[in-house]
Amino acid sequence: MSVVIQTSKLSKHYGKGGEIKAVDELDLEVYEGETFGLLGPNGAGKTTTVRLLNCIIKPSGGSATIRDHSILEKEEEVKRITGLLAESPGLYEKLSAYEFLEFMGALYDVPPSILPKRIDDLLRLFGLYDRRNHLLEGYSRGMKQKILIASALIHDPPILFLDEPTSMLDPRAALMVKDLIKKLSDTAGKTIFICSHILPVVEELCDRIGIINQGRLIALGTVDEIKGQTKTKTLEEAFIAITGGVEEKELLAWRQQKGART
């Protein structure tokens with residue numbers, strides 16, 4: 001398998017002396033067509049990693065390439081081949097779903113000759129075609145998340161970054177979004193990079209996972225490999241063994257998600 005995302009000692013430090021290490025010498029490879037999950041506690045460096053890889057912020061050190069395009073030298077090329085669902089994305093709720101995707105397509109310079117069909121295809125894929133002319137303010141939270149993912153796909157990027165794609169969603173909406181991500185992986189052949197602190201989401205969707213804590217990558221492999229490395233029976237136990245514990249709200253999210261599936 002070919003490597004499409006590669007980092008080499010990628011770092012981002014804050015503070016006058018660089019004492020706050022949000023990302024600390026990250027070495028990582030993600031393969032074409034896989035769904036990769038970056039897992040970690042809140043504040044571990046997941047969102048900073050995604051922002052670095054999408055050329056939103058510049059690194060303090062190290063480098064990374066997206067399909068051989070350097071994030072330091074080829075920012076425009078990187079942005080053309082990646083789609084991003086940010087953790088706290090903006091949504092113009094006074095627009096209809098069609099108008100919002102039309103606006104996002106224009107921002108990505110999608111040719112007007114193909115944009116209408118691209119929008120219709122995405123709305124059908126996401127099961128929202130019949131509500132394409134409804135204002136987004138009337139959409140449920142799960143439907144809004146679908147539209148935001150559609151907006152990240154409007155320019156048909158081969159690589160999709162999803163930062164906490166199911167956070168703040170109720171179990172039904174989270175299930176809708178997870179099913180959509182599976183469909184994108186299985187039928188559209190996208191390489192998907194997911195950041196989350198919700199263990200079941202990563203376990204269910206990802207081919208491989210990395211665990212990051214305090215800016216450093218501390219585990220990498222399949223779920224079974226990581227459980228084997230830590231001699232634990234569940235990903236929850238492995239996560240606690242590796243990171244030294246999780247916050248109460250993360251354990252609560254785990255139990256809620258677990259209960260929603262039973």
# chains A, B, ... in the order shown; residues from 1 in each chain; ligands from 1
call {"tool": "residues_around", "arguments": {"residues": "segment 157-161 of chain A", "least_positions_apart": "6", "cutoff": "7 Å", "atoms": "only C-alpha atoms", "output": "short mmCIF file (atom, residue, chain, number, x, y, z; two decimals) with all heavy atoms, in the first residue's frame"}}
result
data_model
loop_
_atom_site.label_atom_id
_atom_site.label_comp_id
_atom_site.auth_asym_id
_atom_site.auth_seq_id
_atom_site.Cartn_x
_atom_site.Cartn_y
_atom_site.Cartn_z
N ARG A 80 -6.13 21.23 -2.10
CA ARG A 80 -6.96 20.73 -3.21
C ARG A 80 -7.22 19.24 -3.12
O ARG A 80 -8.18 18.74 -3.73
CB ARG A 80 -6.30 21.07 -4.55
CG ARG A 80 -6.34 22.55 -4.88
CD ARG A 80 -5.80 22.84 -6.27
NE ARG A 80 -5.79 24.28 -6.52
CZ ARG A 80 -6.83 25.00 -6.88
NH1 ARG A 80 -8.01 24.41 -7.04
NH2 ARG A 80 -6.72 26.30 -7.09
N ILE A 81 -6.38 18.51 -2.40
CA ILE A 81 -6.56 17.06 -2.33
C ILE A 81 -7.04 16.59 -0.97
O ILE A 81 -7.12 15.39 -0.72
CB ILE A 81 -5.25 16.32 -2.70
CG1 ILE A 81 -4.11 16.69 -1.75
CG2 ILE A 81 -4.86 16.60 -4.15
CD1 ILE A 81 -2.85 15.86 -1.95
N THR A 82 -7.38 17.53 -0.10
CA THR A 82 -7.90 17.17 1.23
C THR A 82 -9.24 17.85 1.47
O THR A 82 -9.50 18.94 0.97
CB THR A 82 -6.94 17.58 2.35
OG1 THR A 82 -6.74 19.01 2.32
CG2 THR A 82 -5.60 16.88 2.22
N GLY A 83 -10.08 17.18 2.23
CA GLY A 83 -11.32 17.76 2.72
C GLY A 83 -11.29 17.73 4.23
O GLY A 83 -10.75 16.78 4.83
N LEU A 84 -11.85 18.74 4.87
CA LEU A 84 -11.76 18.85 6.32
C LEU A 84 -13.11 19.13 6.95
O LEU A 84 -13.80 20.08 6.57
CB LEU A 84 -10.79 19.98 6.69
CG LEU A 84 -10.73 20.39 8.18
CD1 LEU A 84 -10.23 19.23 9.04
CD2 LEU A 84 -9.84 21.61 8.37
N LEU A 85 -13.49 18.28 7.89
CA LEU A 85 -14.59 18.58 8.80
C LEU A 85 -13.95 18.98 10.12
O LEU A 85 -13.41 18.14 10.84
CB LEU A 85 -15.49 17.36 9.00
CG LEU A 85 -16.57 17.52 10.09
CD1 LEU A 85 -17.59 18.57 9.69
CD2 LEU A 85 -17.24 16.19 10.39
N LYS A 190 -12.18 6.52 -0.29
CA LYS A 190 -11.48 7.65 0.31
C LYS A 190 -10.51 7.17 1.40
O LYS A 190 -10.76 6.18 2.08
CB LYS A 190 -12.47 8.61 0.95
CG LYS A 190 -13.53 9.18 0.01
CD LYS A 190 -12.93 10.08 -1.05
CE LYS A 190 -14.02 10.69 -1.92
NZ LYS A 190 -13.46 11.49 -3.03
N THR A 191 -9.40 7.90 1.54
CA THR A 191 -8.55 7.75 2.72
C THR A 191 -9.12 8.67 3.78
O THR A 191 -9.28 9.87 3.55
CB THR A 191 -7.10 8.14 2.41
OG1 THR A 191 -6.60 7.30 1.36
CG2 THR A 191 -6.22 7.98 3.65
N ILE A 192 -9.45 8.13 4.95
CA ILE A 192 -10.13 8.91 5.98
C ILE A 192 -9.29 8.94 7.25
O ILE A 192 -8.84 7.91 7.73
CB ILE A 192 -11.52 8.32 6.28
CG1 ILE A 192 -12.37 8.29 4.99
CG2 ILE A 192 -12.23 9.14 7.36
CD1 ILE A 192 -13.72 7.66 5.16
N PHE A 193 -9.06 10.14 7.75
CA PHE A 193 -8.27 10.38 8.96
C PHE A 193 -9.24 10.94 10.00
O PHE A 193 -9.72 12.06 9.86
CB PHE A 193 -7.15 11.37 8.65
CG PHE A 193 -6.12 11.55 9.74
CD1 PHE A 193 -4.83 11.11 9.56
CD2 PHE A 193 -6.45 12.18 10.94
CE1 PHE A 193 -3.86 11.30 10.54
CE2 PHE A 193 -5.49 12.36 11.93
CZ PHE A 193 -4.20 11.91 11.72
N ILE A 194 -9.51 10.15 11.03
CA ILE A 194 -10.48 10.54 12.06
C ILE A 194 -9.76 10.86 13.37
O ILE A 194 -8.90 10.09 13.81
CB ILE A 194 -11.49 9.41 12.33
CG1 ILE A 194 -12.30 9.10 11.07
CG2 ILE A 194 -12.44 9.78 13.48
CD1 ILE A 194 -13.23 7.90 11.23
#
call {"tool": "select_by_dssp", "arguments": {"residues": "segment 173-234 of chain A", "states": "strand (DSSP E or B)", "output": "list of chain:residue names"}}
result
A:Thr191, A:Ile192, A:Phe193, A:Ile194, A:Cys195, A:Ser196, A:Arg208, A:Ile209, A:Gly210, A:Ile211, A:Ile212, A:Asn213, A:Arg216, A:Leu217, A:Ile218, A:Ala219, A:Leu220, A:Gly221
call {"tool": "closest_residue", "arguments": {"among": "A:Lys117, A:Ile226, A:Ala22, A:Ile209", "to": "Ala44 of chain A", "atoms": "only C-alpha atoms"}}
result
A:Ala22
call {"tool": "closest_residue", "arguments": {"among": "A:Thr230, A:Phe36, A:Pro112, A:Pro59", "to": "Lys21 of chain A", "atoms": "only C-alpha atoms"}}
result
A:Pro59
call {"tool": "residues_around", "arguments": {"residues": "segment 61-68 of chain A", "least_positions_apart": "5", "cutoff": "7 Å", "atoms": "only C-alpha atoms", "output": "list in words"}}
result
Val4, Ile5, Gln6, Thr7, Ser8, Lys9, Leu10, Ser11, Lys12, Glu25 and Val78 of chain A
call {"tool": "residues_around", "arguments": {"residues": "segment 92-109 of chain A", "least_positions_apart": "6", "cutoff": "9 Å", "atoms": "only C-alpha atoms", "output": "number ranges by chain"}}
result
A: 80, 115-116, 119-120, 123, 128-129, 131-139, 144, 147-148, 150-152, 154-155
call {"tool": "residues_around", "arguments": {"residues": "Lys227 of chain A", "least_positions_apart": "6", "cutoff": "12 Å", "atoms": "only C-alpha atoms", "output": "ChimeraX atom specification"}}
result
/A:203,209,219-221,233-242
call {"tool": "write_last_selection", "arguments": {"atoms": "N, CA and C atoms", "output": "mmCIF file, in the first residue's frame"}}
result
data_model
loop_
_atom_site.group_PDB
_atom_site.id
_atom_site.type_symbol
_atom_site.label_atom_id
_atom_site.label_comp_id
_atom_site.auth_asym_id
_atom_site.auth_seq_id
_atom_site.Cartn_x
_atom_site.Cartn_y
_atom_site.Cartn_z
ATOM 1 N N GLU A 203 -12.846 2.515 17.358
ATOM 2 C CA GLU A 203 -12.755 1.053 17.296
ATOM 3 C C GLU A 203 -13.627 0.494 16.181
ATOM 4 N N ILE A 209 -5.184 2.500 14.397
ATOM 5 C CA ILE A 209 -5.296 3.675 15.250
ATOM 6 C C ILE A 209 -3.932 4.054 15.802
ATOM 7 N N ALA A 219 1.314 4.961 20.876
ATOM 8 C CA ALA A 219 0.914 3.619 20.449
ATOM 9 C C ALA A 219 0.409 3.703 19.016
ATOM 10 N N LEU A 220 0.606 2.625 18.260
ATOM 11 C CA LEU A 220 0.214 2.609 16.850
ATOM 12 C C LEU A 220 -0.029 1.165 16.424
ATOM 13 N N GLY A 221 -1.150 0.935 15.730
ATOM 14 C CA GLY A 221 -1.433 -0.404 15.226
ATOM 15 C C GLY A 221 -2.926 -0.637 15.120
ATOM 16 N N LYS A 233 -7.914 -6.711 27.445
ATOM 17 C CA LYS A 233 -8.994 -7.367 26.703
ATOM 18 C C LYS A 233 -9.840 -6.399 25.906
ATOM 19 N N THR A 234 -9.831 -5.132 26.258
ATOM 20 C CA THR A 234 -10.651 -4.148 25.562
ATOM 21 C C THR A 234 -9.804 -2.931 25.214
ATOM 22 N N LEU A 235 -10.281 -2.164 24.239
ATOM 23 C CA LEU A 235 -9.579 -0.929 23.888
ATOM 24 C C LEU A 235 -9.629 0.064 25.036
ATOM 25 N N GLU A 236 -10.721 0.068 25.781
ATOM 26 C CA GLU A 236 -10.820 0.957 26.943
ATOM 27 C C GLU A 236 -9.705 0.660 27.943
ATOM 28 N N GLU A 237 -9.499 -0.615 28.238
ATOM 29 C CA GLU A 237 -8.439 -0.995 29.167
ATOM 30 C C GLU A 237 -7.067 -0.639 28.609
ATOM 31 N N ALA A 238 -6.879 -0.861 27.302
ATOM 32 C CA ALA A 238 -5.596 -0.533 26.670
ATOM 33 C C ALA A 238 -5.337 0.963 26.725
ATOM 34 N N PHE A 239 -6.384 1.739 26.448
ATOM 35 C CA PHE A 239 -6.261 3.200 26.462
ATOM 36 C C PHE A 239 -5.856 3.696 27.850
ATOM 37 N N ILE A 240 -6.493 3.166 28.868
ATOM 38 C CA ILE A 240 -6.175 3.571 30.239
ATOM 39 C C ILE A 240 -4.753 3.151 30.603
ATOM 40 N N ALA A 241 -4.366 1.939 30.189
ATOM 41 C CA ALA A 241 -3.019 1.462 30.495
ATOM 42 C C ALA A 241 -1.956 2.325 29.834
ATOM 43 N N ILE A 242 -2.243 2.789 28.615
ATOM 44 C CA ILE A 242 -1.247 3.552 27.858
ATOM 45 C C ILE A 242 -1.181 5.003 28.311
#
call {"tool": "residues_around", "arguments": {"residues": "Asn54 of chain A", "least_positions_apart": "2", "cutoff": "7 Å", "atoms": "only C-alpha atoms", "output": "list in words"}}
result
Val50, Arg51, Leu52, Ile56, Val78 and Lys79 of chain A
call {"tool": "closest_residue", "arguments": {"among": "A:Thr243, A:Ile57, A:Lys183, A:Ser113", "to": "Leu217 of chain A", "atoms": "only C-alpha atoms"}}
result
A:Thr243
call {"tool": "residues_around", "arguments": {"residues": "Ser196 of chain A", "least_positions_apart": "4", "cutoff": "10 Å", "atoms": "only C-alpha atoms", "output": "number ranges by chain"}}
result
A: 37-42, 46-47, 87, 162-167, 200-202
call {"tool": "write_last_selection", "arguments": {"atoms": "N, CA, C and O atoms", "output": "PDB file, in the first residue's frame"}}
result
ATOM      1  N   GLY A  37      -7.461   6.235  12.657  1.00  0.00           N
ATOM      2  CA  GLY A  37      -7.987   6.992  13.785  1.00  0.00           C
ATOM      3  C   GLY A  37      -6.890   7.480  14.701  1.00  0.00           C
ATOM      4  O   GLY A  37      -6.023   6.701  15.097  1.00  0.00           O
ATOM      5  N   LEU A  38      -6.919   8.763  15.021  1.00  0.00           N
ATOM      6  CA  LEU A  38      -6.005   9.327  16.006  1.00  0.00           C
ATOM      7  C   LEU A  38      -6.803   9.537  17.282  1.00  0.00           C
ATOM      8  O   LEU A  38      -7.724  10.361  17.335  1.00  0.00           O
ATOM      9  N   LEU A  39      -6.460   8.774  18.291  1.00  0.00           N
ATOM     10  CA  LEU A  39      -7.217   8.714  19.529  1.00  0.00           C
ATOM     11  C   LEU A  39      -6.402   9.342  20.651  1.00  0.00           C
ATOM     12  O   LEU A  39      -5.189   9.200  20.704  1.00  0.00           O
ATOM     13  N   GLY A  40      -7.076  10.048  21.544  1.00  0.00           N
ATOM     14  CA  GLY A  40      -6.369  10.622  22.672  1.00  0.00           C
ATOM     15  C   GLY A  40      -7.298  11.423  23.556  1.00  0.00           C
ATOM     16  O   GLY A  40      -8.406  11.782  23.150  1.00  0.00           O
ATOM     17  N   PRO A  41      -6.873  11.710  24.779  1.00  0.00           N
ATOM     18  CA  PRO A  41      -7.684  12.545  25.667  1.00  0.00           C
ATOM     19  C   PRO A  41      -7.866  13.936  25.085  1.00  0.00           C
ATOM     20  O   PRO A  41      -7.152  14.351  24.164  1.00  0.00           O
ATOM     21  N   ASN A  42      -8.814  14.682  25.626  1.00  0.00           N
ATOM     22  CA  ASN A  42      -8.957  16.082  25.234  1.00  0.00           C
ATOM     23  C   ASN A  42      -7.649  16.819  25.520  1.00  0.00           C
ATOM     24  O   ASN A  42      -7.059  16.647  26.590  1.00  0.00           O
ATOM     25  N   LYS A  46      -4.641  16.183  19.075  1.00  0.00           N
ATOM     26  CA  LYS A  46      -5.311  15.653  17.887  1.00  0.00           C
ATOM     27  C   LYS A  46      -5.693  16.764  16.912  1.00  0.00           C
ATOM     28  O   LYS A  46      -5.365  16.695  15.719  1.00  0.00           O
ATOM     29  N   THR A  47      -6.400  17.762  17.398  1.00  0.00           N
ATOM     30  CA  THR A  47      -6.855  18.844  16.521  1.00  0.00           C
ATOM     31  C   THR A  47      -5.673  19.633  15.963  1.00  0.00           C
ATOM     32  O   THR A  47      -5.680  20.033  14.791  1.00  0.00           O
ATOM     33  N   GLU A  87     -13.554  20.496  14.041  1.00  0.00           N
ATOM     34  CA  GLU A  87     -14.252  20.146  15.278  1.00  0.00           C
ATOM     35  C   GLU A  87     -15.416  21.086  15.539  1.00  0.00           C
ATOM     36  O   GLU A  87     -16.475  20.671  16.014  1.00  0.00           O
ATOM     37  N   LEU A 162     -11.611  14.145   9.460  1.00  0.00           N
ATOM     38  CA  LEU A 162     -12.808  14.332  10.269  1.00  0.00           C
ATOM     39  C   LEU A 162     -12.396  14.488  11.730  1.00  0.00           C
ATOM     40  O   LEU A 162     -11.927  13.543  12.358  1.00  0.00           O
ATOM     41  N   ASP A 163     -12.558  15.693  12.254  1.00  0.00           N
ATOM     42  CA  ASP A 163     -12.157  15.985  13.634  1.00  0.00           C
ATOM     43  C   ASP A 163     -13.388  15.885  14.530  1.00  0.00           C
ATOM     44  O   ASP A 163     -14.301  16.701  14.444  1.00  0.00           O
ATOM     45  N   GLU A 164     -13.430  14.871  15.386  1.00  0.00           N
ATOM     46  CA  GLU A 164     -14.545  14.611  16.291  1.00  0.00           C
ATOM     47  C   GLU A 164     -15.881  14.604  15.532  1.00  0.00           C
ATOM     48  O   GLU A 164     -16.796  15.379  15.824  1.00  0.00           O
ATOM     49  N   PRO A 165     -16.035  13.696  14.546  1.00  0.00           N
ATOM     50  CA  PRO A 165     -17.233  13.739  13.693  1.00  0.00           C
ATOM     51  C   PRO A 165     -18.532  13.402  14.397  1.00  0.00           C
ATOM     52  O   PRO A 165     -19.608  13.751  13.893  1.00  0.00           O
ATOM     53  N   THR A 166     -18.485  12.723  15.561  1.00  0.00           N
ATOM     54  CA  THR A 166     -19.727  12.369  16.250  1.00  0.00           C
ATOM     55  C   THR A 166     -19.879  13.055  17.598  1.00  0.00           C
ATOM     56  O   THR A 166     -20.841  12.783  18.311  1.00  0.00           O
ATOM     57  N   SER A 167     -18.948  13.933  17.954  1.00  0.00           N
ATOM     58  CA  SER A 167     -19.090  14.628  19.234  1.00  0.00           C
ATOM     59  C   SER A 167     -20.297  15.554  19.180  1.00  0.00           C
ATOM     60  O   SER A 167     -20.642  16.102  18.127  1.00  0.00           O
ATOM     61  N   PRO A 200     -15.365   3.953  21.180  1.00  0.00           N
ATOM     62  CA  PRO A 200     -16.127   3.068  20.298  1.00  0.00           C
ATOM     63  C   PRO A 200     -16.165   3.534  18.851  1.00  0.00           C
ATOM     64  O   PRO A 200     -16.210   2.715  17.934  1.00  0.00           O
ATOM     65  N   VAL A 201     -16.165   4.849  18.629  1.00  0.00           N
ATOM     66  CA  VAL A 201     -16.186   5.374  17.265  1.00  0.00           C
ATOM     67  C   VAL A 201     -14.941   4.941  16.515  1.00  0.00           C
ATOM     68  O   VAL A 201     -14.994   4.428  15.390  1.00  0.00           O
ATOM     69  N   VAL A 202     -13.803   5.135  17.147  1.00  0.00           N
ATOM     70  CA  VAL A 202     -12.534   4.773  16.523  1.00  0.00           C
ATOM     71  C   VAL A 202     -12.434   3.262  16.339  1.00  0.00           C
ATOM     72  O   VAL A 202     -12.021   2.768  15.289  1.00  0.00           O
TER      73      VAL A 202
END
call {"tool": "closest_residue", "arguments": {"among": "A:Lys182, A:Glu32, A:Gln145, A:Asp156", "to": "Leu169 of chain A", "atoms": "only C-alpha atoms"}}
result
A:Gln145
